[in-house]
file start15.tsv (TSV, C-alpha atoms)
chain	number	residue	atom	x	y	z
O	664	MET	CA	-8.96	65.74	78.83
O	665	SER	CA	-8.61	69.42	79.59
O	666	THR	CA	-7.34	72.12	77.28
O	667	VAL	CA	-4.50	74.02	78.96
O	668	LEU	CA	-3.21	77.34	77.66
O	669	SER	CA	0.45	77.73	78.64
O	670	VAL	CA	1.35	81.42	78.65
O	671	SER	CA	4.94	82.65	78.77
O	672	GLY	CA	5.22	86.28	79.82
O	673	SER	CA	8.94	86.52	79.05
O	674	PRO	CA	10.14	89.11	76.53
O	675	SER	CA	13.27	87.08	75.73
O	676	ALA	CA	13.57	84.76	72.73
O	677	THR	CA	16.05	82.63	74.72
O	678	SER	CA	13.95	82.73	77.86
O	679	ARG	CA	14.53	80.20	80.63
O	680	THR	CA	10.92	80.82	81.64
O	681	ALA	CA	9.55	79.83	78.22
O	682	ARG	CA	11.82	76.80	77.99
O	683	LEU	CA	10.77	75.72	81.46
O	684	LEU	CA	7.10	76.06	80.48
O	685	ARG	CA	7.55	74.06	77.28
O	686	GLY	CA	9.05	71.22	79.32
O	687	LEU	CA	6.07	71.36	81.67
O	688	ASP	CA	3.75	71.43	78.64
O	689	ALA	CA	5.15	68.05	77.64
O	690	ARG	CA	4.52	66.71	81.16
O	691	LEU	CA	0.90	67.90	81.07
O	692	ALA	CA	0.40	66.46	77.56
O	693	ALA	CA	1.76	63.11	78.77
O	694	GLN	CA	-0.91	63.23	81.50
O	695	GLY	CA	-3.63	63.49	78.84
O	696	HIS	CA	-4.17	67.24	78.53
O	697	GLN	CA	-4.20	69.20	75.29
O	698	VAL	CA	-1.64	71.98	75.76
O	699	ILE	CA	-1.54	75.14	73.65
O	700	PRO	CA	1.57	77.32	74.09
O	701	LEU	CA	1.34	81.11	73.88
O	702	ASP	CA	4.49	83.21	74.01
O	703	VAL	CA	3.29	86.76	74.65
O	704	ARG	CA	6.51	88.11	73.09
O	705	THR	CA	5.25	86.89	69.68
O	706	LEU	CA	2.22	89.19	69.84
O	707	PRO	CA	2.60	92.55	68.08
O	708	ALA	CA	4.21	95.04	70.45
O	709	GLU	CA	2.28	97.95	68.98
O	710	ALA	CA	-1.04	96.19	69.56
O	711	LEU	CA	-0.07	95.41	73.17
O	712	LEU	CA	1.25	98.90	73.95
O	713	HIS	CA	-1.59	100.77	72.26
O	714	ALA	CA	-4.30	98.51	73.70
O	715	ASP	CA	-5.54	97.50	70.26
O	716	PHE	CA	-8.29	95.12	71.39
O	717	GLY	CA	-9.36	94.56	67.77
O	718	HIS	CA	-5.96	93.53	66.41
O	719	PRO	CA	-6.30	90.01	64.95
O	720	GLU	CA	-3.48	88.60	67.11
O	721	ILE	CA	-4.96	90.08	70.29
O	722	VAL	CA	-8.38	88.71	69.34
O	723	ARG	CA	-6.78	85.29	68.72
O	724	ALA	CA	-5.03	85.38	72.13
O	725	THR	CA	-8.30	86.36	73.81
O	726	GLN	CA	-10.06	83.46	72.08
O	727	LEU	CA	-7.34	81.03	73.21
O	728	VAL	CA	-7.91	82.11	76.81
O	729	ALA	CA	-11.69	81.79	76.40
O	730	ARG	CA	-11.44	78.26	74.95
O	731	ALA	CA	-9.02	76.96	77.59
O	732	ASP	CA	-10.22	74.98	80.58
O	733	ALA	CA	-7.10	75.95	82.50
O	734	VAL	CA	-4.14	78.30	82.20
O	735	VAL	CA	-0.50	78.04	83.21
O	736	ILE	CA	1.03	81.49	83.58
O	737	GLY	CA	4.82	81.69	83.59
O	738	THR	CA	6.78	84.89	84.09
O	739	PRO	CA	10.24	86.06	84.89
O	740	VAL	CA	10.33	88.37	87.89
O	741	TYR	CA	11.76	91.83	87.33
O	742	LYS	CA	11.99	94.37	90.16
O	743	ALA	CA	9.90	92.10	92.44
O	744	ALA	CA	6.97	91.91	89.98
O	745	TYR	CA	5.77	89.81	87.06
O	746	SER	CA	6.83	91.01	83.62
O	747	GLY	CA	5.42	94.13	82.01
O	748	LEU	CA	4.83	92.10	78.86
O	749	LEU	CA	2.53	89.75	80.77
O	750	LYS	CA	0.82	92.78	82.36
O	751	ALA	CA	0.18	94.24	78.89
O	752	LEU	CA	-1.60	91.05	77.79
O	753	LEU	CA	-3.60	90.68	81.01
O	754	ASP	CA	-4.77	94.29	80.64
O	755	LEU	CA	-6.17	93.53	77.18
O	756	LEU	CA	-8.14	90.48	78.25
O	757	PRO	CA	-11.77	90.85	79.36
O	758	GLN	CA	-12.20	91.56	83.09
O	759	TYR	CA	-13.40	88.01	83.82
O	760	ALA	CA	-11.34	86.18	81.20
O	761	LEU	CA	-10.29	83.56	83.75
O	762	GLU	CA	-13.78	82.94	85.14
O	763	GLY	CA	-14.30	79.25	85.84
O	764	LYS	CA	-10.70	78.36	85.02
O	765	THR	CA	-8.00	76.70	87.07
O	766	VAL	CA	-4.73	78.64	86.97
O	767	LEU	CA	-1.18	77.62	87.83
O	768	PRO	CA	1.18	80.59	88.40
O	769	LEU	CA	4.91	80.00	87.91
O	770	ALA	CA	7.84	82.42	88.13
O	771	THR	CA	11.57	82.48	87.59
O	772	GLY	CA	14.04	84.96	88.98
O	773	GLY	CA	17.58	85.66	90.05
O	774	SER	CA	17.02	85.92	93.79
O	775	THR	CA	14.88	84.38	96.50
O	776	ALA	CA	13.93	87.97	97.34
O	777	HIS	CA	11.47	87.68	94.44
O	778	VAL	CA	9.70	84.54	95.61
O	779	LEU	CA	6.66	86.45	96.91
O	780	ALA	CA	5.97	88.01	93.49
O	781	ILE	CA	3.58	85.15	92.79
O	782	ASP	CA	1.49	85.55	95.93
O	783	TYR	CA	1.59	89.32	96.26
O	784	GLY	CA	1.77	90.41	92.63
O	785	LEU	CA	0.35	87.81	90.27
O	786	ARG	CA	-2.20	85.90	92.38
O	787	PRO	CA	-4.37	88.99	93.17
O	788	VAL	CA	-4.57	89.89	89.46
O	789	LEU	CA	-5.55	86.34	88.52
O	790	ALA	CA	-8.21	86.32	91.26
O	791	SER	CA	-9.58	89.68	90.08
O	792	MET	CA	-9.96	88.15	86.62
O	793	GLY	CA	-12.31	85.50	88.03
O	794	ALA	CA	-10.06	82.43	88.24
O	795	ALA	CA	-12.12	79.68	89.85
O	796	HIS	CA	-9.10	78.00	91.40
O	797	ILE	CA	-5.53	79.27	91.61
O	798	THR	CA	-3.38	76.30	92.52
O	799	PRO	CA	-0.20	76.70	94.56
O	800	GLY	CA	2.42	78.36	92.40
O	801	TRP	CA	6.14	77.76	92.18
O	802	PHE	CA	9.24	79.95	91.92
O	803	VAL	CA	12.47	78.66	90.34
O	804	LEU	CA	15.78	80.44	90.69
O	805	ASP	CA	17.50	81.17	87.38
O	806	LYS	CA	20.63	79.39	88.60
O	807	HIS	CA	18.58	76.18	88.92
O	808	ILE	CA	17.64	76.29	85.23
O	809	GLU	CA	20.21	75.25	82.64
O	810	ALA	CA	19.20	76.27	79.13
O	811	ARG	CA	20.93	74.06	76.58
O	812	GLU	CA	21.94	75.00	73.04
O	813	ASP	CA	19.40	72.56	71.57
O	814	GLY	CA	16.59	74.54	73.22
O	815	SER	CA	16.00	72.03	76.01
O	816	VAL	CA	16.20	72.84	79.68
O	817	VAL	CA	17.53	70.98	82.69
O	818	VAL	CA	16.22	71.91	86.12
O	819	ASP	CA	18.22	71.31	89.29
O	820	ALA	CA	16.95	68.18	91.08
O	821	ALA	CA	15.65	69.95	94.20
O	822	ALA	CA	13.82	72.62	92.20
O	823	ARG	CA	12.49	70.04	89.73
O	824	GLU	CA	10.94	67.94	92.51
O	825	GLY	CA	8.83	70.83	93.83
O	826	LEU	CA	7.98	72.06	90.35
O	827	GLU	CA	6.80	68.64	89.20
O	828	ARG	CA	4.74	68.29	92.37
O	829	VAL	CA	2.78	71.52	91.74
O	830	VAL	CA	2.32	70.64	88.06
O	831	ASP	CA	1.02	67.19	88.98
O	832	GLN	CA	-1.34	68.73	91.57
O	833	PHE	CA	-2.60	71.13	88.89
O	834	SER	CA	-3.14	68.21	86.52
O	835	ALA	CA	-4.97	66.26	89.23
O	836	VAL	CA	-7.33	69.18	89.83
O	837	LEU	CA	-8.07	69.27	86.10
O	838	SER	CA	-8.76	65.56	86.08
O	839	GLY	CA	-11.29	66.19	88.85
O	840	PRO	CA	-13.10	63.88	91.24
O	841	GLY	CA	-14.58	60.68	90.04
O	842	THR	CA	-11.69	59.85	87.69
O	843	GLY	CA	-10.84	56.72	89.61
O	844	ASP	CA	-7.54	58.26	90.68
O	845	ALA	CA	-7.62	58.44	94.48
O	846	GLU	CA	-4.79	60.99	94.62
O	847	ALA	CA	-6.54	63.24	92.09
O	848	ASP	CA	-9.79	62.91	94.00
O	849	ALA	CA	-8.01	63.86	97.26
O	850	VAL	CA	-6.35	66.92	95.69
O	851	ALA	CA	-9.63	68.07	94.11
O	852	ALA	CA	-11.51	67.68	97.40
call {"tool": "encode", "arguments": {"input": "start15.tsv", "output": "structure tokens"}}
result
Amino acid sequence: MSTVLSVSGSPSATSRTARLLRGLDARLAAQGHQVIPLDVRTLPAEALLHADFGHPEIVRATQLVARADAVVIGTPVYKAAYSGLLKALLDLLPQYALEGKTVLPLATGGSTAHVLAIDYGLRPVLASMGAAHITPGWFVLDKHIEAREDGSVVVDAAAREGLERVVDQFSAVLSGPGTGDAEADAVAA
């Protein structure tokens, strides 16, 4: 069983991105992983903006990253880039905070024009932080995510199929070779 830190970089309390991640957290937990959610918006803004590395909540977030075997990073895309809130957190983490970790990048946005934000914006930062393996990411259009009043989320069938596929591939990589699961062994190879 791997420990997965699920990071939402959305500044919104009613975020489709965060709701989408929490649904994926449940999928990963059902596959045997321990999932720890982290909504960056709950960290103190002053500590993030003033680069207060010693603030207890920033220290706690840094420790969560250090303890995780893998990280899911979810962000809304604004102006063709991942969120500034996520950037603020990533800037406060140690240079090689992702060393040895498997990372799954996910993004949401209003237009397909933003689909490359994962590969051209987020992926290079994750690589520079030492991620051992960055699995294929996934972009979901906002219009394919229905946020319900009860806090749940429904994803359009076509978008859900691709999203579940990348999450299952991520999980298979975490399970690693030699698990007895031929599909997981093939993905990890």
call {"tool": "atom_distance", "arguments": {"input": "start15.tsv", "atom1": "atom CA of O:Leu712", "atom2": "atom CA of O:Gly784"}}
result
20.5 Å
call {"tool": "closest_residue", "arguments": {"input": "start15.tsv", "among": "O:Pro739, O:Gly773, O:Pro719, O:Gly695", "to": "O:Ser675", "atoms": "only C-alpha atoms"}}
result
O:Pro739
call {"tool": "residues_around", "arguments": {"input": "start15.tsv", "residues": "O:Val816", "least_positions_apart": "3", "cutoff": "12 Å", "atoms": "all atoms listed in the file", "output": "ChimeraX atom specification"}}
result
/O:677-687,805-813,819,823
call {"tool": "closest_residue", "arguments": {"input": "start15.tsv", "among": "O:Met664, O:Val703, O:Ala744, O:Ala822", "to": "O:Ala676", "atoms": "all atoms listed in the file"}}
result
O:Val703
call {"tool": "closest_residue", "arguments": {"input": "start15.tsv", "among": "O:Ala835, O:Leu691, O:Thr705, O:Leu804", "to": "O:Ala821", "atoms": "all atoms listed in the file"}}
result
O:Leu804
call {"tool": "atom_distance", "arguments": {"input": "start15.tsv", "atom1": "atom CA of O:Pro787", "atom2": "atom CA of O:Gly800"}}
result
12.6 Å
call {"tool": "build_atoms", "arguments": {"input": "start15.tsv", "residues": "stretch 790-824 of chain O", "atoms": "N, CA and C atoms", "output": "PDB file, in the coordinates of the input"}}
result
ATOM      1  N   ALA O 790      -6.945  86.409  90.515  1.00  0.00           N
ATOM      2  CA  ALA O 790      -8.210  86.320  91.260  1.00  0.00           C
ATOM      3  C   ALA O 790      -9.190  87.387  90.783  1.00  0.00           C
ATOM      4  N   SER O 791      -8.697  88.596  90.528  1.00  0.00           N
ATOM      5  CA  SER O 791      -9.580  89.680  90.080  1.00  0.00           C
ATOM      6  C   SER O 791     -10.157  89.399  88.692  1.00  0.00           C
ATOM      7  N   MET O 792      -9.484  88.503  87.960  1.00  0.00           N
ATOM      8  CA  MET O 792      -9.960  88.150  86.620  1.00  0.00           C
ATOM      9  C   MET O 792     -10.901  86.939  86.667  1.00  0.00           C
ATOM     10  N   GLY O 793     -11.282  86.514  87.871  1.00  0.00           N
ATOM     11  CA  GLY O 793     -12.310  85.500  88.030  1.00  0.00           C
ATOM     12  C   GLY O 793     -11.841  84.065  88.068  1.00  0.00           C
ATOM     13  N   ALA O 794     -10.536  83.817  88.200  1.00  0.00           N
ATOM     14  CA  ALA O 794     -10.060  82.430  88.240  1.00  0.00           C
ATOM     15  C   ALA O 794     -10.826  81.650  89.303  1.00  0.00           C
ATOM     16  N   ALA O 795     -11.345  80.496  88.924  1.00  0.00           N
ATOM     17  CA  ALA O 795     -12.120  79.680  89.850  1.00  0.00           C
ATOM     18  C   ALA O 795     -11.224  79.040  90.903  1.00  0.00           C
ATOM     19  N   HIS O 796     -10.025  78.665  90.493  1.00  0.00           N
ATOM     20  CA  HIS O 796      -9.100  78.000  91.400  1.00  0.00           C
ATOM     21  C   HIS O 796      -7.678  78.354  90.977  1.00  0.00           C
ATOM     22  N   ILE O 797      -6.942  78.975  91.861  1.00  0.00           N
ATOM     23  CA  ILE O 797      -5.530  79.270  91.610  1.00  0.00           C
ATOM     24  C   ILE O 797      -4.748  78.281  92.457  1.00  0.00           C
ATOM     25  N   THR O 798      -4.113  77.326  91.789  1.00  0.00           N
ATOM     26  CA  THR O 798      -3.380  76.300  92.520  1.00  0.00           C
ATOM     27  C   THR O 798      -2.097  76.890  93.094  1.00  0.00           C
ATOM     28  N   PRO O 799      -1.469  76.192  94.048  1.00  0.00           N
ATOM     29  CA  PRO O 799      -0.200  76.700  94.560  1.00  0.00           C
ATOM     30  C   PRO O 799       0.790  76.912  93.414  1.00  0.00           C
ATOM     31  N   GLY O 800       1.454  78.044  93.434  1.00  0.00           N
ATOM     32  CA  GLY O 800       2.420  78.360  92.400  1.00  0.00           C
ATOM     33  C   GLY O 800       3.812  77.878  92.773  1.00  0.00           C
ATOM     34  N   TRP O 801       4.774  78.178  91.911  1.00  0.00           N
ATOM     35  CA  TRP O 801       6.140  77.760  92.180  1.00  0.00           C
ATOM     36  C   TRP O 801       7.103  78.776  91.601  1.00  0.00           C
ATOM     37  N   PHE O 802       8.189  79.027  92.336  1.00  0.00           N
ATOM     38  CA  PHE O 802       9.240  79.950  91.920  1.00  0.00           C
ATOM     39  C   PHE O 802      10.526  79.147  91.746  1.00  0.00           C
ATOM     40  N   VAL O 803      11.207  79.354  90.612  1.00  0.00           N
ATOM     41  CA  VAL O 803      12.470  78.660  90.340  1.00  0.00           C
ATOM     42  C   VAL O 803      13.562  79.705  90.137  1.00  0.00           C
ATOM     43  N   LEU O 804      14.632  79.552  90.866  1.00  0.00           N
ATOM     44  CA  LEU O 804      15.780  80.440  90.690  1.00  0.00           C
ATOM     45  C   LEU O 804      16.423  80.199  89.325  1.00  0.00           C
ATOM     46  N   ASP O 805      16.836  81.283  88.676  1.00  0.00           N
ATOM     47  CA  ASP O 805      17.500  81.170  87.380  1.00  0.00           C
ATOM     48  C   ASP O 805      18.679  80.203  87.420  1.00  0.00           C
ATOM     49  N   LYS O 806      19.447  80.245  88.508  1.00  0.00           N
ATOM     50  CA  LYS O 806      20.630  79.390  88.600  1.00  0.00           C
ATOM     51  C   LYS O 806      20.283  77.898  88.656  1.00  0.00           C
ATOM     52  N   HIS O 807      19.018  77.576  88.895  1.00  0.00           N
ATOM     53  CA  HIS O 807      18.580  76.180  88.920  1.00  0.00           C
ATOM     54  C   HIS O 807      18.045  75.720  87.563  1.00  0.00           C
ATOM     55  N   ILE O 808      18.123  76.602  86.566  1.00  0.00           N
ATOM     56  CA  ILE O 808      17.640  76.290  85.230  1.00  0.00           C
ATOM     57  C   ILE O 808      18.808  76.377  84.249  1.00  0.00           C
ATOM     58  N   GLU O 809      19.145  75.260  83.642  1.00  0.00           N
ATOM     59  CA  GLU O 809      20.210  75.250  82.640  1.00  0.00           C
ATOM     60  C   GLU O 809      19.568  75.164  81.262  1.00  0.00           C
ATOM     61  N   ALA O 810      19.724  76.235  80.495  1.00  0.00           N
ATOM     62  CA  ALA O 810      19.200  76.270  79.130  1.00  0.00           C
ATOM     63  C   ALA O 810      20.281  75.721  78.203  1.00  0.00           C
ATOM     64  N   ARG O 811      19.956  74.684  77.477  1.00  0.00           N
ATOM     65  CA  ARG O 811      20.930  74.060  76.580  1.00  0.00           C
ATOM     66  C   ARG O 811      20.825  74.625  75.174  1.00  0.00           C
ATOM     67  N   GLU O 812      21.887  74.457  74.400  1.00  0.00           N
ATOM     68  CA  GLU O 812      21.940  75.000  73.040  1.00  0.00           C
ATOM     69  C   GLU O 812      20.860  74.421  72.133  1.00  0.00           C
ATOM     70  N   ASP O 813      20.424  73.193  72.402  1.00  0.00           N
ATOM     71  CA  ASP O 813      19.400  72.560  71.570  1.00  0.00           C
ATOM     72  C   ASP O 813      17.990  73.045  71.895  1.00  0.00           C
ATOM     73  N   GLY O 814      17.885  73.994  72.844  1.00  0.00           N
ATOM     74  CA  GLY O 814      16.590  74.540  73.220  1.00  0.00           C
ATOM     75  C   GLY O 814      15.956  73.851  74.415  1.00  0.00           C
ATOM     76  N   SER O 815      16.539  72.746  74.851  1.00  0.00           N
ATOM     77  CA  SER O 815      16.000  72.030  76.010  1.00  0.00           C
ATOM     78  C   SER O 815      16.438  72.725  77.292  1.00  0.00           C
ATOM     79  N   VAL O 816      15.885  72.256  78.378  1.00  0.00           N
ATOM     80  CA  VAL O 816      16.200  72.840  79.680  1.00  0.00           C
ATOM     81  C   VAL O 816      16.368  71.710  80.690  1.00  0.00           C
ATOM     82  N   VAL O 817      17.309  71.914  81.598  1.00  0.00           N
ATOM     83  CA  VAL O 817      17.530  70.980  82.690  1.00  0.00           C
ATOM     84  C   VAL O 817      17.340  71.766  83.986  1.00  0.00           C
ATOM     85  N   VAL O 818      16.494  71.244  84.855  1.00  0.00           N
ATOM     86  CA  VAL O 818      16.220  71.910  86.120  1.00  0.00           C
ATOM     87  C   VAL O 818      16.904  71.141  87.239  1.00  0.00           C
ATOM     88  N   ASP O 819      17.565  71.875  88.125  1.00  0.00           N
ATOM     89  CA  ASP O 819      18.220  71.310  89.290  1.00  0.00           C
ATOM     90  C   ASP O 819      17.258  70.353  89.993  1.00  0.00           C
ATOM     91  N   ALA O 820      17.788  69.237  90.497  1.00  0.00           N
ATOM     92  CA  ALA O 820      16.950  68.180  91.080  1.00  0.00           C
ATOM     93  C   ALA O 820      16.010  68.675  92.176  1.00  0.00           C
ATOM     94  N   ALA O 821      16.498  69.474  93.101  1.00  0.00           N
ATOM     95  CA  ALA O 821      15.650  69.950  94.200  1.00  0.00           C
ATOM     96  C   ALA O 821      14.527  70.844  93.686  1.00  0.00           C
ATOM     97  N   ALA O 822      14.847  71.738  92.766  1.00  0.00           N
ATOM     98  CA  ALA O 822      13.820  72.620  92.200  1.00  0.00           C
ATOM     99  C   ALA O 822      12.839  71.823  91.344  1.00  0.00           C
ATOM    100  N   ARG O 823      13.339  70.851  90.606  1.00  0.00           N
ATOM    101  CA  ARG O 823      12.490  70.040  89.730  1.00  0.00           C
ATOM    102  C   ARG O 823      11.460  69.258  90.537  1.00  0.00           C
ATOM    103  N   GLU O 824      11.860  68.733  91.682  1.00  0.00           N
ATOM    104  CA  GLU O 824      10.940  67.940  92.510  1.00  0.00           C
ATOM    105  C   GLU O 824       9.717  68.767  92.914  1.00  0.00           C
TER     106      GLU O 824
END
